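Below is model-v2.txt, holding compact mmCIF, C-alpha atoms.
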# COMPACT_ATOMS: atom_id res chain seq x y z
CA MET Z 1 41.10 115.87 34.40
CA LYS Z 2 43.53 118.04 36.29
CA VAL Z 3 41.32 121.06 35.75
CA ILE Z 4 38.25 119.29 37.15
CA ALA Z 5 40.16 118.16 40.24
CA LEU Z 6 41.39 121.72 40.75
CA LEU Z 7 37.85 123.14 40.42
CA VAL Z 8 36.46 120.59 42.91
CA ALA Z 9 39.22 121.35 45.42
CA ALA Z 10 38.69 125.11 45.02
CA SER Z 11 34.93 124.83 45.49
CA MET Z 12 35.36 122.73 48.63
CA ALA Z 13 37.80 125.26 50.12
CA SER Z 14 35.55 128.22 49.36
CA THR Z 15 32.44 126.64 50.89
CA SER Z 16 34.17 125.80 54.15
CA ALA Z 17 35.66 129.30 54.37
CA PHE Z 18 32.25 130.94 54.46
CA MET Z 19 30.49 128.62 56.85
CA PRO Z 20 28.96 130.29 59.90
CA ALA Z 21 30.48 129.64 63.31
CA PRO Z 22 28.77 126.95 65.35
CA ILE Z 23 26.22 128.26 67.86
CA VAL Z 24 27.23 127.73 71.45
CA HIS Z 25 24.34 127.52 73.88
CA GLN Z 26 24.86 129.29 77.18
CA SER Z 27 24.11 127.52 80.38
CA THR Z 28 21.32 128.77 82.62
CA GLN Z 29 23.69 128.70 85.57
CA LEU Z 30 26.01 131.64 85.87
CA ASN Z 31 28.96 130.09 87.71
CA VAL Z 32 30.85 133.35 87.94
CA ALA Z 33 34.38 132.33 88.87
CA THR Z 34 36.17 135.59 89.52
CA LYS Z 35 39.34 134.82 91.48
CA GLY Z 36 40.55 138.42 91.31
CA LYS Z 37 39.27 139.11 87.79
CA VAL Z 38 36.66 141.74 87.16
CA GLY Z 39 35.70 140.62 83.64
CA PRO Z 40 33.29 137.87 84.67
CA VAL Z 41 31.64 140.22 87.17
CA LYS Z 42 31.13 142.89 84.50
CA ASN Z 43 29.69 140.28 82.16
CA ALA Z 44 27.39 138.99 84.90
CA ILE Z 45 26.15 142.52 85.60
CA ALA Z 46 25.63 143.15 81.88
CA SER Z 47 23.62 139.95 81.55
CA LEU Z 48 21.28 140.64 84.49
CA THR Z 49 17.64 139.81 83.86
CA LYS Z 50 14.61 139.86 86.06
CA ASP Z 51 14.79 136.08 86.41
CA ASN Z 52 18.46 135.76 87.40
CA PHE Z 53 18.81 139.03 89.34
CA SER Z 54 19.01 137.68 92.90
CA ALA Z 55 21.10 134.66 91.89
CA THR Z 56 23.61 136.88 90.12
CA LEU Z 57 23.85 139.25 93.06
CA THR Z 58 24.58 136.42 95.47
CA GLU Z 59 27.32 135.14 93.15
CA ILE Z 60 29.09 138.47 92.65
CA GLU Z 61 28.71 139.79 96.20
CA PRO Z 62 31.80 137.94 97.55
CA PHE Z 63 33.95 139.56 94.87
CA LEU Z 64 32.59 143.03 95.60
CA THR Z 65 33.00 142.68 99.37
CA LYS Z 66 36.42 141.02 99.49
CA GLU Z 67 38.40 141.58 96.31
CA ALA Z 68 37.15 144.64 94.44
CA GLY Z 69 38.95 147.95 94.71
CA MET Z 70 37.17 151.24 95.31
CA ASN Z 71 36.71 152.19 91.65
CA ILE Z 72 35.47 148.76 90.57
CA TYR Z 73 33.15 148.65 93.59
CA ILE Z 74 31.63 152.06 92.86
CA LYS Z 75 31.21 151.38 89.14
CA SER Z 76 29.73 147.94 89.72
CA MET Z 77 27.26 149.25 92.28
CA LYS Z 78 26.18 152.00 89.85
CA ARG Z 79 25.76 149.47 87.05
CA ILE Z 80 23.73 147.18 89.28
CA THR Z 81 21.53 150.06 90.44
CA VAL Z 82 20.89 151.27 86.89
CA LYS Z 83 20.19 147.74 85.68
CA ALA Z 84 17.81 147.13 88.60
CA ALA Z 85 15.91 150.32 87.85
CA ALA Z 86 15.61 149.33 84.19
CA LEU Z 87 14.34 145.87 85.14
CA GLY Z 88 11.97 147.21 87.80
CA VAL Z 89 13.70 145.28 90.59
CA ASP Z 90 15.06 146.59 93.88
CA VAL Z 91 18.64 146.04 95.01
CA PRO Z 92 18.66 144.75 98.61
CA ALA Z 93 19.39 147.56 101.07
CA ASN Z 94 22.38 145.80 102.63
CA PHE Z 95 23.87 144.41 99.39
CA ALA Z 96 27.70 144.59 99.55
CA LYS Z 97 27.66 147.31 102.23
CA GLU Z 98 30.46 145.70 104.27
CA ALA Z 99 33.00 145.92 101.45
CA LYS Z 100 36.68 145.77 102.32
CA CYS Z 101 37.46 148.76 100.11
CA THR Z 102 35.04 151.02 102.02
CA GLU Z 103 36.14 149.96 105.50
CA LYS Z 104 38.38 152.98 106.17
CA ARG Z 105 35.78 155.41 104.88
CA ARG Z 106 33.08 153.85 107.04
CA ALA Z 107 35.35 154.04 110.11
CA LYS Z 108 36.12 157.71 109.45
CA GLN Z 109 32.44 158.49 108.90
CA SER Z 110 31.35 156.77 112.10
CA ALA Z 111 34.09 158.58 114.08
CA TYR Z 112 32.95 161.90 112.59
CA CYS Z 113 29.32 161.18 113.44
CA GLN Z 114 30.31 160.21 116.99
CA VAL Z 115 32.21 163.51 117.45
CA LYS Z 116 29.25 165.49 116.13
CA THR Z 117 26.87 163.62 118.44
CA ASP Z 118 29.12 164.33 121.42
CA GLU Z 119 29.33 168.02 120.46
CA ALA Z 120 25.55 168.25 120.18
CA ALA Z 121 25.13 166.59 123.59
CA ALA Z 122 27.65 169.00 125.10
CA ALA Z 123 25.82 171.97 123.56
CA VAL Z 124 22.51 170.75 124.99
CA ALA Z 125 24.08 170.29 128.43
CA GLU Z 126 25.65 173.76 128.25
CA ALA Z 127 22.31 175.28 127.24
CA ALA Z 128 20.62 173.50 130.15
CA GLU Z 129 23.27 174.83 132.57
CA ALA Z 130 22.82 178.35 131.19
CA ALA Z 131 19.05 178.09 131.57
CA ALA Z 132 19.44 176.81 135.14
CA ALA Z 133 21.85 179.65 135.98
CA GLU Z 134 19.48 182.17 134.44
CA ALA Z 135 16.58 180.74 136.42
CA ALA Z 136 18.65 180.86 139.63
CA ALA Z 137 19.59 184.47 138.89
CA ALA Z 138 15.93 185.34 138.30
CA VAL Z 139 14.94 183.69 141.60
CA GLU Z 140 17.73 185.54 143.39
CA ALA Z 141 16.67 188.83 141.81
CA ALA Z 142 13.05 188.20 142.78
CA ALA Z 143 14.13 187.42 146.37
CA ALA Z 144 16.21 190.61 146.49
CA GLU Z 145 13.26 192.58 145.15
CA VAL Z 146 10.97 191.11 147.79
CA ALA Z 147 13.53 191.87 150.49
CA ALA Z 148 13.89 195.45 149.24
CA ALA Z 149 10.12 195.90 149.17
CA ALA Z 150 9.86 194.52 152.72
CA GLU Z 151 12.64 196.82 153.87
CA ALA Z 152 10.98 199.76 152.17
CA ALA Z 153 7.72 198.94 153.92
CA VAL Z 154 9.48 198.66 157.32
CA ALA Z 155 11.44 201.93 156.92
CA PRO Z 156 8.38 204.28 156.66
CA ALA Z 157 6.77 202.47 159.61
CA ALA Z 158 9.92 203.07 161.68
CA GLU Z 159 9.92 206.77 160.72
CA GLU Z 160 6.32 207.13 161.81
CA GLU Z 161 7.09 205.64 165.22
CA ALA Z 162 10.10 207.88 165.75
CA PRO Z 163 8.22 211.24 165.51
CA ALA Z 164 5.45 209.95 167.77
CA ALA Z 165 7.97 209.28 170.52
CA GLU Z 166 9.14 212.89 170.54
Would you give me this structure, written as structure tokens?
Amino acid sequence: MKVIALLVAASMASTSAFMPAPIVHQSTQLNVATKGKVGPVKNAIASLTKDNFSATLTEIEPFLTKEAGMNIYIKSMKRITVKAAALGVDVPANFAKEAKCTEKRRAKQSAYCQVKTDEAAAAVAEAAEAAAAEAAAAVEAAAAEVAAAAEAAVAPAAEEEAPAAE
């Protein structure tokens, strides 16, 4: 009797040890709650499909624009771009462009572009001044040439009058 009870107990323990884990159904809503954690964002990017693409982007955009550091931002944007290309979907042109981590870089870039624009405008103005000065010099040279030609024409006429008076 003791042997049978032991065999029954052993068989019950062995069958429950090899039972598969219960299947947990995932919700269709993403509900990405990040609160400073990048794990849920990475998981959301990894689980992008054509159907949930825009919904996922709207849910992870606040994290990317306000909380993500530069490395996480760059890697996430690359992952999103690659995933979008694989799915045949386009990432919106202005998606997460105003990120906090890129603010300094954008300010430096706009200042650099402004300086270059000012330099180009100054170069154009200088070229215009040089062209105007060259044109004025050409006009002055032409006027001097005309005056010299008129003087040359008057000088032989004056010489002809002088011998006739003698």
Residue nearest Ala86 of chain Z among Z:Leu48, Z:Val38, Z:Ala99, Z:Ala121 (counting all atoms listed in the file):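 That would be Z:Leu48, the residue with the smallest distance to Ala86 of chain Z.
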Gap from atom CA of Glu59 of chain Z to atom CA of Ala107 of chain Z - Å, one decimal: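 So the answer is 26.6 Å.
Atom pair atom CA of Thr49 of chain Z / atom CA of Ala84 of chain Z: separated by 8.7 Å.
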Atom pair atom CA of Ala137 of chain Z / atom CA of Ala120 of chain Z: separation (Å): 25.5 Å
Within 8 Å of Cys101 of chain Z using all atoms listed in the file, minus same-chain residues under 6 positions, as a ChimeraX atom specification: /Z:65-66,68-70,73
Residue nearest Thr58 of chain Z - candidates Z:Ile74, Z:Gln114, Z:Thr81, Z:Ala96, atoms counted: all atoms listed in the file: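 Nearest to Thr58 of chain Z: Z:Ala96.
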